[in-house]
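All remarks here apply to the structure that follows.
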Amino acid sequence: MMTYHFYPMNKEHAATICTWEYADPYSIYSMDDSNECICELMNDEYFCALDSDNQLVGFICIGNPARVPGGYPVGIYEHQDRVDIGLGLRPDCTGGGNGLEFLLQGIDYLKQNTNVLKLQLVVATFNERAIKVYERAGFVRGMRFMSRVGNNQAEFLSMTLSMKERL
């Protein structure tokens, strides 16, 4: 079992994450290495994840940075009892069975460091491997909606998890 350690984001890790490029169809999760991107990751809502060798392997975020624009018109962000989360693994760490443990340890980190009662995340519906991981972690499928990604529309799925179920 891989052990992950989560820390508040620092500029060095933010700059590295902003260079990660994912292969299609996951390229919608790629960032750019602009100063704006780095600054966004430094807004106190992002946490970097290091493995037992102190190598950067991923991140989690909470709040507005985890939200998808198309979720606003359909009302998924109107629930005051939910905290939105987002996460990402380094591209070479995806698809290898690391996702569930990464997610569970990230949730435990949030549970220990915040007073979150219910989590919500949004995932592109084509990302079936991530959806399976989220369901194994206890997330329940919610509303589907469309949102713009670049010049295209993509379908997304909201999913929720009660932290009480993770005690």
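Identifiers for the structure tokens are assigned positionally: chains receive A, B, ... in sequence, residues are indexed from 1 per chain, and ligands are indexed from 1 in the order shown.
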
Residue list (strand (DSSP E or B), DSSP) for stretch 44-131 of chain A, as JSON, numbers by chain: {"A": [46, 47, 48, 49, 50, 56, 57, 58, 59, 60, 61, 62, 83, 84, 85, 86, 87, 88, 89, 118, 119, 120, 121, 122, 123, 124]}

Create the file for the chosen residues now, containing N, CA, C and O atoms and written as an mmCIF file, in the first residue's frame.
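Once everything was written out, this is part_27.cif:
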```
data_model
loop_
_atom_site.group_PDB
_atom_site.id
_atom_site.type_symbol
_atom_site.label_atom_id
_atom_site.label_comp_id
_atom_site.auth_asym_id
_atom_site.auth_seq_id
_atom_site.Cartn_x
_atom_site.Cartn_y
_atom_site.Cartn_z
ATOM 1 N N TYR A 46 -5.435 24.414 -2.201
ATOM 2 C CA TYR A 46 -4.769 23.269 -2.830
ATOM 3 C C TYR A 46 -3.765 22.667 -1.862
ATOM 4 O O TYR A 46 -3.088 23.386 -1.120
ATOM 5 N N PHE A 47 -3.666 21.340 -1.922
ATOM 6 C CA PHE A 47 -2.725 20.606 -1.086
ATOM 7 C C PHE A 47 -1.981 19.619 -1.983
ATOM 8 O O PHE A 47 -2.598 18.916 -2.779
ATOM 9 N N CYS A 48 -0.666 19.594 -1.856
ATOM 10 C CA CYS A 48 0.120 18.666 -2.667
ATOM 11 C C CYS A 48 0.249 17.336 -1.935
ATOM 12 O O CYS A 48 0.160 17.279 -0.706
ATOM 13 N N ALA A 49 0.453 16.290 -2.697
ATOM 14 C CA ALA A 49 0.599 14.948 -2.140
ATOM 15 C C ALA A 49 1.969 14.406 -2.535
ATOM 16 O O ALA A 49 2.320 14.409 -3.722
ATOM 17 N N LEU A 50 2.706 13.960 -1.542
ATOM 18 C CA LEU A 50 4.018 13.361 -1.766
ATOM 19 C C LEU A 50 3.963 11.903 -1.361
ATOM 20 O O LEU A 50 3.249 11.534 -0.425
ATOM 21 N N LEU A 56 6.536 14.244 -5.603
ATOM 22 C CA LEU A 56 5.218 14.815 -5.865
ATOM 23 C C LEU A 56 4.421 13.859 -6.739
ATOM 24 O O LEU A 56 4.860 13.508 -7.841
ATOM 25 N N VAL A 57 3.271 13.422 -6.251
ATOM 26 C CA VAL A 57 2.452 12.471 -7.013
ATOM 27 C C VAL A 57 1.050 12.979 -7.304
ATOM 28 O O VAL A 57 0.332 12.376 -8.112
ATOM 29 N N GLY A 58 0.615 14.058 -6.651
ATOM 30 C CA GLY A 58 -0.734 14.525 -6.903
ATOM 31 C C GLY A 58 -1.095 15.726 -6.076
ATOM 32 O O GLY A 58 -0.254 16.331 -5.403
ATOM 33 N N PHE A 59 -2.378 16.059 -6.127
ATOM 34 C CA PHE A 59 -2.906 17.186 -5.351
ATOM 35 C C PHE A 59 -4.382 16.956 -5.077
ATOM 36 O O PHE A 59 -5.048 16.177 -5.754
ATOM 37 N N ILE A 60 -4.873 17.642 -4.069
ATOM 38 C CA ILE A 60 -6.305 17.757 -3.823
ATOM 39 C C ILE A 60 -6.610 19.236 -3.650
ATOM 40 O O ILE A 60 -5.726 20.023 -3.294
ATOM 41 N N CYS A 61 -7.831 19.614 -3.925
ATOM 42 C CA CYS A 61 -8.246 20.990 -3.694
ATOM 43 C C CYS A 61 -9.659 20.987 -3.145
ATOM 44 O O CYS A 61 -10.395 20.006 -3.285
ATOM 45 N N ILE A 62 -10.008 22.076 -2.483
ATOM 46 C CA ILE A 62 -11.345 22.226 -1.922
ATOM 47 C C ILE A 62 -11.922 23.568 -2.334
ATOM 48 O O ILE A 62 -11.188 24.493 -2.666
ATOM 49 N N VAL A 83 -18.864 20.404 0.673
ATOM 50 C CA VAL A 83 -17.608 21.036 0.289
ATOM 51 C C VAL A 83 -17.143 20.351 -0.991
ATOM 52 O O VAL A 83 -17.074 19.123 -1.060
ATOM 53 N N ASP A 84 -16.856 21.161 -1.991
ATOM 54 C CA ASP A 84 -16.415 20.626 -3.273
ATOM 55 C C ASP A 84 -14.938 20.274 -3.199
ATOM 56 O O ASP A 84 -14.136 21.023 -2.643
ATOM 57 N N ILE A 85 -14.605 19.116 -3.754
ATOM 58 C CA ILE A 85 -13.204 18.705 -3.814
ATOM 59 C C ILE A 85 -12.833 18.348 -5.251
ATOM 60 O O ILE A 85 -13.682 17.971 -6.052
ATOM 61 N N GLY A 86 -11.568 18.497 -5.526
ATOM 62 C CA GLY A 86 -10.998 18.077 -6.790
ATOM 63 C C GLY A 86 -9.683 17.388 -6.487
ATOM 64 O O GLY A 86 -9.111 17.565 -5.408
ATOM 65 N N LEU A 87 -9.214 16.597 -7.401
ATOM 66 C CA LEU A 87 -7.949 15.909 -7.178
ATOM 67 C C LEU A 87 -7.317 15.560 -8.503
ATOM 68 O O LEU A 87 -7.978 15.511 -9.540
ATOM 69 N N GLY A 88 -6.037 15.345 -8.445
ATOM 70 C CA GLY A 88 -5.318 14.936 -9.637
ATOM 71 C C GLY A 88 -4.078 14.155 -9.267
ATOM 72 O O GLY A 88 -3.403 14.479 -8.296
ATOM 73 N N LEU A 89 -3.820 13.119 -10.030
ATOM 74 C CA LEU A 89 -2.586 12.344 -9.898
ATOM 75 C C LEU A 89 -1.652 12.716 -11.043
ATOM 76 O O LEU A 89 -2.112 13.044 -12.147
ATOM 77 N N LYS A 118 -19.763 16.744 4.394
ATOM 78 C CA LYS A 118 -20.172 16.081 3.155
ATOM 79 C C LYS A 118 -19.302 16.614 2.016
ATOM 80 O O LYS A 118 -19.114 17.820 1.883
ATOM 81 N N LEU A 119 -18.783 15.692 1.216
ATOM 82 C CA LEU A 119 -17.951 16.064 0.082
ATOM 83 C C LEU A 119 -18.732 15.921 -1.211
ATOM 84 O O LEU A 119 -19.595 15.050 -1.339
ATOM 85 N N GLN A 120 -18.396 16.761 -2.167
ATOM 86 C CA GLN A 120 -18.972 16.683 -3.507
ATOM 87 C C GLN A 120 -17.841 16.829 -4.506
ATOM 88 O O GLN A 120 -16.940 17.644 -4.307
ATOM 89 N N LEU A 121 -17.875 16.037 -5.535
ATOM 90 C CA LEU A 121 -16.912 16.201 -6.620
ATOM 91 C C LEU A 121 -17.636 16.098 -7.941
ATOM 92 O O LEU A 121 -18.783 15.635 -8.010
ATOM 93 N N VAL A 122 -16.965 16.549 -8.977
ATOM 94 C CA VAL A 122 -17.523 16.508 -10.322
ATOM 95 C C VAL A 122 -16.490 15.838 -11.217
ATOM 96 O O VAL A 122 -15.303 16.134 -11.131
ATOM 97 N N VAL A 123 -16.948 14.932 -12.063
ATOM 98 C CA VAL A 123 -16.057 14.182 -12.943
ATOM 99 C C VAL A 123 -16.675 14.094 -14.327
ATOM 100 O O VAL A 123 -17.901 13.998 -14.458
ATOM 101 N N ALA A 124 -15.826 14.155 -15.345
ATOM 102 C CA ALA A 124 -16.313 13.966 -16.713
ATOM 103 C C ALA A 124 -16.845 12.547 -16.845
ATOM 104 O O ALA A 124 -16.216 11.594 -16.371
#
```

Non-local contacts of stretch 71-81 of chain A (10 Å; only C-alpha atoms; under 5 positions in same chain excluded) as a list in words: Gly63, Asn64, Val116, Leu117, Lys118, Leu119, Gln120, Val122, Gly142, Met143, Arg144, Phe145, Met146, Ser147, Phe156, Leu157, Ser158, Met159 and Ser162 of chain A

With N, CA and C atoms retained, write the just-selected residues as a PDB file, in the first residue's frame.
```
ATOM      1  N   GLY A  63     -13.239  23.657  -2.309  1.00  0.00           N
ATOM      2  CA  GLY A  63     -13.903  24.928  -2.575  1.00  0.00           C
ATOM      3  C   GLY A  63     -14.061  25.243  -4.047  1.00  0.00           C
ATOM      4  N   ASN A  64     -14.049  26.533  -4.351  1.00  0.00           N
ATOM      5  CA  ASN A  64     -14.298  27.004  -5.718  1.00  0.00           C
ATOM      6  C   ASN A  64     -13.392  26.399  -6.780  1.00  0.00           C
ATOM      7  N   VAL A 116     -15.336  19.354   7.532  1.00  0.00           N
ATOM      8  CA  VAL A 116     -16.177  18.945   6.417  1.00  0.00           C
ATOM      9  C   VAL A 116     -17.102  17.803   6.836  1.00  0.00           C
ATOM     10  N   LEU A 117     -18.376  17.921   6.499  1.00  0.00           N
ATOM     11  CA  LEU A 117     -19.351  16.869   6.786  1.00  0.00           C
ATOM     12  C   LEU A 117     -19.760  16.084   5.545  1.00  0.00           C
ATOM     13  N   LYS A 118     -19.763  16.744   4.394  1.00  0.00           N
ATOM     14  CA  LYS A 118     -20.172  16.081   3.155  1.00  0.00           C
ATOM     15  C   LYS A 118     -19.302  16.614   2.016  1.00  0.00           C
ATOM     16  N   LEU A 119     -18.783  15.692   1.216  1.00  0.00           N
ATOM     17  CA  LEU A 119     -17.951  16.064   0.082  1.00  0.00           C
ATOM     18  C   LEU A 119     -18.732  15.921  -1.211  1.00  0.00           C
ATOM     19  N   GLN A 120     -18.396  16.761  -2.167  1.00  0.00           N
ATOM     20  CA  GLN A 120     -18.972  16.683  -3.507  1.00  0.00           C
ATOM     21  C   GLN A 120     -17.841  16.829  -4.506  1.00  0.00           C
ATOM     22  N   VAL A 122     -16.965  16.549  -8.977  1.00  0.00           N
ATOM     23  CA  VAL A 122     -17.523  16.508 -10.322  1.00  0.00           C
ATOM     24  C   VAL A 122     -16.490  15.838 -11.217  1.00  0.00           C
ATOM     25  N   GLY A 142     -24.806  11.535  -8.646  1.00  0.00           N
ATOM     26  CA  GLY A 142     -25.845  12.553  -8.568  1.00  0.00           C
ATOM     27  C   GLY A 142     -26.238  13.017  -9.957  1.00  0.00           C
ATOM     28  N   MET A 143     -26.354  14.303 -10.121  1.00  0.00           N
ATOM     29  CA  MET A 143     -26.842  14.907 -11.354  1.00  0.00           C
ATOM     30  C   MET A 143     -25.784  14.907 -12.454  1.00  0.00           C
ATOM     31  N   ARG A 144     -26.247  14.711 -13.676  1.00  0.00           N
ATOM     32  CA  ARG A 144     -25.409  14.873 -14.867  1.00  0.00           C
ATOM     33  C   ARG A 144     -25.721  16.237 -15.473  1.00  0.00           C
ATOM     34  N   PHE A 145     -24.698  16.860 -16.037  1.00  0.00           N
ATOM     35  CA  PHE A 145     -24.901  18.165 -16.662  1.00  0.00           C
ATOM     36  C   PHE A 145     -23.793  18.408 -17.681  1.00  0.00           C
ATOM     37  N   MET A 146     -24.012  19.369 -18.531  1.00  0.00           N
ATOM     38  CA  MET A 146     -23.036  19.733 -19.559  1.00  0.00           C
ATOM     39  C   MET A 146     -22.269  20.974 -19.106  1.00  0.00           C
ATOM     40  N   SER A 147     -20.998  21.037 -19.496  1.00  0.00           N
ATOM     41  CA  SER A 147     -20.183  22.211 -19.208  1.00  0.00           C
ATOM     42  C   SER A 147     -19.163  22.392 -20.322  1.00  0.00           C
ATOM     43  N   PHE A 156     -20.695  16.012 -17.480  1.00  0.00           N
ATOM     44  CA  PHE A 156     -20.104  15.801 -16.165  1.00  0.00           C
ATOM     45  C   PHE A 156     -21.118  15.165 -15.236  1.00  0.00           C
ATOM     46  N   LEU A 157     -20.608  14.541 -14.202  1.00  0.00           N
ATOM     47  CA  LEU A 157     -21.414  13.876 -13.192  1.00  0.00           C
ATOM     48  C   LEU A 157     -20.999  14.398 -11.825  1.00  0.00           C
ATOM     49  N   SER A 158     -21.980  14.811 -11.009  1.00  0.00           N
ATOM     50  CA  SER A 158     -21.676  15.181  -9.631  1.00  0.00           C
ATOM     51  C   SER A 158     -21.808  13.928  -8.764  1.00  0.00           C
ATOM     52  N   MET A 159     -20.974  13.844  -7.735  1.00  0.00           N
ATOM     53  CA  MET A 159     -21.000  12.709  -6.822  1.00  0.00           C
ATOM     54  C   MET A 159     -20.785  13.242  -5.404  1.00  0.00           C
ATOM     55  N   SER A 162     -20.914  11.341   2.249  1.00  0.00           N
ATOM     56  CA  SER A 162     -21.103  11.800   3.618  1.00  0.00           C
ATOM     57  C   SER A 162     -19.888  11.370   4.426  1.00  0.00           C
TER      58      SER A 162
END
```

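Nearest-residue note for A:Val140: choosing from A:Asn54, A:Thr125, A:Thr160, A:Thr16, the minimum distance belongs to A:Thr160, counting only C-alpha atoms.
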
Pick from A:Gln55, A:Ile107, A:Arg141, A:Val68, whichever lies nearest to A:Tyr29 using only C-alpha atoms: A:Val68
